[in-house]
Structures are given as C-alpha cells and as structure tokens.
Amino acid sequence: MTADAGRPDPGGHSPGGRKRHGEKQDGEKQLVPETEFRSYYGRPIVKETVWGPDIPSYLFLGGLAGASSTLAAGAHVTGRPELARALKCGAGAAISLSMAALVHDLGRRTRFVNMLRVLKVTSPMSVGTWILSGYTPLALAAAASAVTRKLPRTGLAATIGAALLGPGVASYTAVLLGDTAAPAWHEAHRELPFLFAGSAATAAGGLGMLAVRRGQASQAIRFAVLGAAGEIAAKSLLLQHLGPAAEPYQTGLAGQLMDISEVLTTAGLTVAVLVGRTRVGGPLAGLALMAASALTRFGVFEAGRQSARDPKYTVAPQRERLQRQDDQD
Amino acid sequence: MSATSSETITNQNEPGTTVTHHPGLDPAAVAGYSDHPPRMGFFTDTSVCIGCKACEVACKEWNAVPEDGLVLTGMSYDNTADLSATTWRHVAFIEQPSADGDGDMRWLMASNVCKHCSEAACLDVCPTGALMRTEFGTVVVQDDICNGCGYCVSACPFGVIGRSETDGGAHKCTLCYDRLGDGLMPACAKACPTESIQFGPLDELRELAQQRVDDLHAAGQPQAQLYGADTGDGIGGAGAMFLLLDEPEVYGLPPDPVVTTRDLPRMWRHAAAAAGSLIAAAVVACAAGRR
C-alpha cells in the first residue's frame with residue numbers, strides 16, 4: 001500500500017474515507033487482518049527518523065565490537081592469544097568507526113560533547129553515551145596491549161573491563177530504537193535486545209573465524225552458533241508477538257534485508273559447523289555471518305522507517321487498544 | 001488507560017531526585033520548580049476555525065521561523081502539510097460528506113500545534129538536556145545546547161518536532177516562551193480572528209473546553225469530542241487541547257498516543273537480560289573447548 005500523500009484518494013485515504021487496514025495492491029501478500037482505519041490524506045502521523053545509514057552501521061559495528069570484547073576475554077583467559085588478539089583489534093577498530101559514525105550523523109557535529117552534559121536514565125542515548133565512554137578506552141587499551149605485547153597486566157584488566165561493558169554496548173541499542181514512537185521499533189521492544197545481542201555474537205564469532213588460522217576457531221564457531229540460534233529465536237518470537245504489526249519487518253526493503261540476512265545466517269552456520277575449521281570454510285562462513293548481522297541491523301532500521309511512514313501502523317493498533325478498553329468497560 | 005502514579009516520579013530537570021506531584025496536573029513541579037506560575041496552555045476549538053492560517057503566519061513572523069518552500073501538496077487547501085522544524089502551527093483542511101447524510105459536503109479545519117505533553121517523550125529522550133520543562137509547564141528546546149541528534153523527532157508520538165535542514169537543530173512550538181515571560185499571549189492566539197485558539201491557565205481552559213463540548217452536544221453535534229484533555233491518558237494530558245468534530249486520526253492526530261518512555265523500565269530489564277545472555281554465551285563457547 002502506498003500512502004500517496006498529496007493525491008486525493010476518494011475511496012481510500014481521503015479524510016473521512018475508510019481504508020481497509022492491510023489492503024494490498026497487485027497481489028502483494030496480505031498479512032494484516034481487515035480492520036478499518038482513517039487518516040489525514042494518508043499522511044504519516046509520527047515522523048520518520050532523521051537518522052541516516054550511519055546509525056544502522058553503528059548498530060552493527062557497536063554490536064560487533066561489544067560481543068568481540070566479551071569473546072576476546074574468554075579466549076584470553078583460556079589461552080588462545082591469537083583469537084583474543086584478533087578480536088581485540090576488531091573491537092577497537094569497530095568501536096572507533098562507531099564513534100565516527102555517531103558524530104557524523106549529528107545535525108551539529110561540533111557539539112557532540114554536549115552528550116556529556118548530563119546523565120539521563122530516561123534517555124537511552126544518554127545512557128549509551130556513558131556506556132560507550134567507559135567501554136571505548138578499555139577496548140582500545142586492550143587492543144593496544146595485545147598488539148604491542150606491552151603492559152600485559154593492564155591489558156588483562158582492560159580486556160576484562162571491556163568484556164563486561166561490551167554486552168551493554170551490544171544490547172542498549174535495542175532500547176535506543178525501542179524507546180521511540182516508530183511502531184515497528186516500539187512494539188518490538190521486548191525481543192529487540194535479544195535479537196541484537198544474538199546478532200552481535202553472530203558477527204563476533206564470524207570475525208573470529210575470519211581472522212584466525214584453521215583449527216583454532218572452535219570458540220568463535222561455538223559463539224557464532226549460540227548467537228545465531230539466539231538471533232533466529234528472538235526474530236521468530238518478535239514476528240509472533242507483533243502479529244499484524246510485524247508487517248513492516250516482512251515487506252518492502254526491510255523484508256528483503258531480513259530475508260537475505262536469514263539465508264546468510266543459515267548458510268554461514270551450515271558452513272561453520274561442517275567445514276568451519278578448514279582454510280576456506282572458516283573465513284567464508286565468517287564473512288557470511290558478519291554480513292548477516294549487518295543486514296539484520298539495516299533490516300530492523302528500515303522496518304522502523306517503513307512503519308513510521310504509513311499511518312495505518314500508528315492508527316490501527318491504537319484504535320484496537322481503544323476498542324479493547326471500550327469492550328472492558 | 002492506566003493513570004500515572006503520582007508517587008516517585010523522576011525529576012526531569014534534575015535526574016536522580018524524585019518528587020510526588022502528578023505530572024498531568026503540575027509538570028513544572030515534577031520538573032523541580034517550587035514557586036512557579038500556573039500551567040499555561042492552548043485550547044483550540046476547531047468548531048470555530050475558519051482556516052484563515054493567520055496563526056501559521058503570526059507564528060512564523062514572531063518566532064522568525066524560516067519559510068519551508070512554496071510547494072503545492074495537491075490535497076485540499078493545505079499546502080503546509082504537517083508540523084515540522086519550520087512549521088509550529090499547521091492548519092488542516094478536511095473536506096468530507098456532512099454527518100447528516102444529506103449529500104452535502106462539510107469542511108473541517110483545525111490548527112494543530114505541539115501538545116506540550118505532561119509526560120513528554122521528546123524531553124525524556126533528549127540526551128543533552130536541550131529540551132526542558134519551563135516554569136509554565138511547557139516544553140521548549142534550548143537551541144544553544146541542542147546538538148541535532150534527532151532522537152526527539154522519532155520519540156514524539158504526534159510527529160510534532162523536526163530537525164532543521166539548514167541549522168541541523170531540533171525545533172518546535174515554544175508556546176511563545178518569550179511572550180509568556182512578558183505577560184503576553186502567544187502570537188497564534190493573538191492573531192486568531194475567531195478565538196478558535198484560546199490561551200490561558202490550563203485548569204481554566206479545561207473547564208471552558210468541557211463547557212463548549214457540552215454545549216455542542218446539546219446543540220445536536222454528538223461527534224464533538226475533546227482531545228488531550230484527560231490527565232489519565234497516555235501522555236498524562238496535553239498542555240494544548242483540542243475540540244474535534246470527527247475522530248482524531250481524520251485530523252492526522254494519533255487516537256490513543258502513549259509516551260514511549262512508559263515502557264522504558266521493561267526495555268532496560270530486557271536489555272540487561274540480553275547482555276547477561278551474551279556473557280553466558282561467551283562462557284559456554286570458551287569453557288566447552290577447554291582441554
């Protein structure tokens with residue numbers, strides 16, 4: 001359905017006219033039960049996010065960094081320095097790129113430090129800023145120590161610190177999206193943190209498989225398998241829980257991105273489990289899993305945009321809520 | 001609709017402290033003002049709006065809001081389209097079959113504006129503290145602090161606030177904070193020729209609005225309804241109420257908006273659990289391989 005703003009549409013979106021919720025054109029799959037909704041010339045009610053591709057890129061990179069730090073600590077203390085070093089370097093690089101993306105997306109980049117004026121628990125972006133402020137120096141110190149082989153004790157402390165804060169970096173971004181009025185993001189606020197944590201582990205496991213020589217990637221493979229399993233479970237719960245409101249995740253560009261991500265996850269997992277320890281199989285699976293994680297983030301991001309653009313996702317659930325309250329009274 | 005508990009509400013301007021006022025009745029007190037003027041707001045009675053757009057013009061003139069392009073939307077007489085960083089009053093035009101079914105058409109006109117919510121999502125999510133609660137209970141952006149992160153834009157359940165393409169900052173209605181400080185009424189209310197836009201202490205406006213909707217019901221307009229007047233609604237009641245002659249969504253308003261931060265405690269719990277499971281996954285992945 002296209003919300004053709006600007007064009008009067010006597011049968012459908014015109015004010016006062018009624019449109020069947022979920023009505024589809026050209027044989028597109030109908031996923032939403034028929035409910036009526038009205039709108040102001042089909043125009044959006046909530047505003048689509050002003051965030052650009054920097055933000056879904058950050059969702060991926062931040063998740064990759066955070067989960068890599070956690071796995072790196074595990075590899076470090078269980079005596080796999082090669083895997084630990086690769087993950088620490090990956091985390092350091094990914095979080096540096098993340099910071100650049102976050103500042104780049106601001107409307108007024110020179111004022112990025114204003115984020116540090118306050119700490120507000122009601123603002124996931126504020127809380128996230130402070131988590132990042134703690135995590136980033138630790139991740140960079142851990143990477144620096146691993147590369148230079150200097151200050152091993154400081155390096156270990158930084159590794160442990162980054163491992164504890166990393167999961168926060170990977171999962172708070174789900175709250176960042178959930179705490180908005182974009183219907184597809186807000187309605188998914190229960191499952192998104194698990195989807196993002198799983199996706200982060202998938203990416204970090206993928207990085208490990210890509211970076212270390214064959215035979216040493218077992219921990220990375222197991223981490224990726226656990227992550228991908230969590231991701232798939234969270235996504236299926238999300239779609240089930242949202243019901244008709246899950247449509248933005250299943251249609252348009254968002255649907256395509258989520259579908260390709262799922263194919264890559266499945267393919268990457270299969271290759272990882274079967275031939276993940278071989279010279280070609282490991283890196284191949286690693287690349288597929290990292291790409292899958294990135295596509296998941298872009299897919300979720302796009303679903304939120306799609307749901308904000310079409311007033312039916314705002315109006316229909318609110319109408320149904322009011323109807324339920326009326327029925328109870 | 002569950003009313004917000006009046007206990008232990010986080011002080012919005014001084015996080016970490018709590019107060020015991022009802023945000024719907026006294027958001028300024030919730031924000032930490034002890035001795036403050038009464039809560040001021042708008043009551044926009046759309047039943048007497050004539051669609052002259054004097055409010056749009058007066059707002060732009062007084063607040064020096066830049067023009068946002070001279071484009072024709074092709075829908076009715078509304079070429080403003082919506083509220084944004086450069087439009088703080090927006091007059092909607094709706095042409096529809098009249099309610100009595102005699103085949104005639106009727107016009108609905110309504111001047112939309114920021115709701116100055118008792119529980120304001122934009123203010124809650126702002127990471128810099130640029131958005132603040134004033135002593136009048138209204139919500140304003142401090143332009144010298146805003147860094148243009150755009151979070152408020154996605155958080156507003158009404159699609160009111162926008163980020164400017166030209167200066168990169170977030171902007172919206174201030175309820176003419178500068179005029180209020182000098183005891184003047186906001187420019188839009190001053191310019192309205194039919195008193196469709198009424199300004200005053202919010203508790204007085206609530207009584208006025210109820211009286212008006214009762215009168216309209218008595219006069220045979222059963223579809224007349226108040227919007228944003230109930231402090232038990234999902235935003236703790238609005239600082240800018242409306243009298244509508246059709247359902248809210250027909251005017252481009254959400255029928256049952258809920259401030260997104262009401263679910264935030266649950267979101268943080270789920271994120272903490274997800275972070276914990278990530279650590280558990282790493283432990284399992286590493287411990288299982290130990291030889």
# chains A, B, ... in the order shown; residues from 1 in each chain; ligands from 1

call {"tool": "closest_atom_pairs", "arguments": {"of": "chain A", "to": "chain B", "cutoff": "7 Å", "atoms": "only C-alpha atoms", "output": "tab-separated table"}}
result
residue	atom	partner	partner_atom	distance
A:Gly6	CA	B:Thr73	CA	4.8
A:Arg7	CA	B:Met75	CA	5.9
A:Pro8	CA	B:Met75	CA	5.9
A:Pro15	CA	B:Val250	CA	5.5
A:Gly16	CA	B:Gln96	CA	5.8
A:Arg38	CA	B:Val250	CA	6.0
A:Ser39	CA	B:Val250	CA	4.8
A:Tyr40	CA	B:Gly252	CA	4.8
A:Ile45	CA	B:Gly159	CA	5.7
A:Val46	CA	B:Gly159	CA	4.0
A:Lys47	CA	B:Gly159	CA	4.7
A:Glu48	CA	B:Ser154	CA	6.5
A:Thr49	CA	B:Ser154	CA	5.2
A:Val50	CA	B:Gly150	CA	6.1
A:Trp51	CA	B:Gly150	CA	7.0
A:Thr70	CA	B:Ala282	CA	6.5
A:Leu71	CA	B:Ala282	CA	5.3
A:Gly74	CA	B:Cys286	CA	5.7
A:Ala75	CA	B:Cys286	CA	6.4
A:Thr78	CA	B:Arg290	CA	7.0
A:Leu106	CA	B:Cys149	CA	4.8
A:Gly107	CA	B:Gly168	CA	4.0
A:Arg108	CA	B:Asn147	CA	4.9
A:Arg109	CA	B:Asn147	CA	6.9
A:Arg111	CA	B:Asn147	CA	5.2
A:Phe112	CA	B:Asn147	CA	6.3
A:Asn114	CA	B:Thr128	CA	5.5
A:Met115	CA	B:Thr128	CA	4.9
A:Arg117	CA	B:Thr128	CA	6.0
A:Val118	CA	B:Thr128	CA	6.2
A:Lys120	CA	B:Pro15	CA	6.2
A:Thr122	CA	B:Asp124	CA	5.3
A:Ser123	CA	B:Val125	CA	4.0
A:Pro124	CA	B:Val125	CA	6.8
A:Met125	CA	B:Pro127	CA	5.7
A:Ser126	CA	B:Pro127	CA	4.5
A:Pro167	CA	B:Ala275	CA	4.6
A:Gly168	CA	B:Ala275	CA	5.7
A:Ser171	CA	B:Ala271	CA	5.5
A:Tyr172	CA	B:Ala271	CA	6.0
A:Val175	CA	B:Met267	CA	5.8
A:Asp179	CA	B:Thr260	CA	5.5
A:Thr180	CA	B:Ala155	CA	4.1
A:Ala181	CA	B:Ala155	CA	4.9
A:Ala182	CA	B:Ser154	CA	6.5
A:His189	CA	B:Met267	CA	6.0
A:Arg190	CA	B:His270	CA	6.2
A:Pro193	CA	B:Ala271	CA	5.0
A:Phe194	CA	B:Ala274	CA	5.0
A:Ala197	CA	B:Ala274	CA	6.0
A:Gln219	CA	B:Ala285	CA	5.2
A:Arg222	CA	B:Ala285	CA	5.1
A:Phe223	CA	B:Ala285	CA	5.2
A:Leu226	CA	B:Ala281	CA	6.4
A:Thr314	CA	B:Pro254	CA	6.9
A:Val315	CA	B:Pro254	CA	6.1
A:Gln318	CA	B:Asp256	CA	5.3
A:Arg319	CA	B:Pro255	CA	6.5

call {"tool": "select_by_dssp", "arguments": {"residues": "region 142-269 of chain B", "states": "strand (DSSP E)", "output": "list in words"}}
result
Gly162, Arg163, Ala170, His171, Ile197, Gln198, Phe199, Gly200, Pro201, Gln225, Leu226, Tyr227, Ala240, Met241, Phe242, Leu243 and Leu244 of chain B

call {"tool": "residues_around", "arguments": {"residues": "region 274-284 of chain A", "least_positions_apart": "5", "cutoff": "6 Å", "atoms": "only C-alpha atoms", "output": "number ranges by chain"}}
result
A: 209-210, 214-215

call {"tool": "select_by_dssp", "arguments": {"residues": "region 156-326 of chain A", "states": "alpha helix (DSSP H)", "output": "PyMOL selection string"}}
result
chain A and resi 156-178+183-186+192-211+218-242+247-250+252-275+281-309+312-326

call {"tool": "closest_residue", "arguments": {"among": "B:Leu70, B:Arg39, B:Lys172, B:Phe199", "to": "Leu184 (chain B)", "atoms": "only C-alpha atoms"}}
result
B:Phe199

call {"tool": "atom_distance", "arguments": {"atom1": "CA of Gly234 (chain B)", "atom2": "CA of Ile197 (chain B)"}}
result
23.5 Å
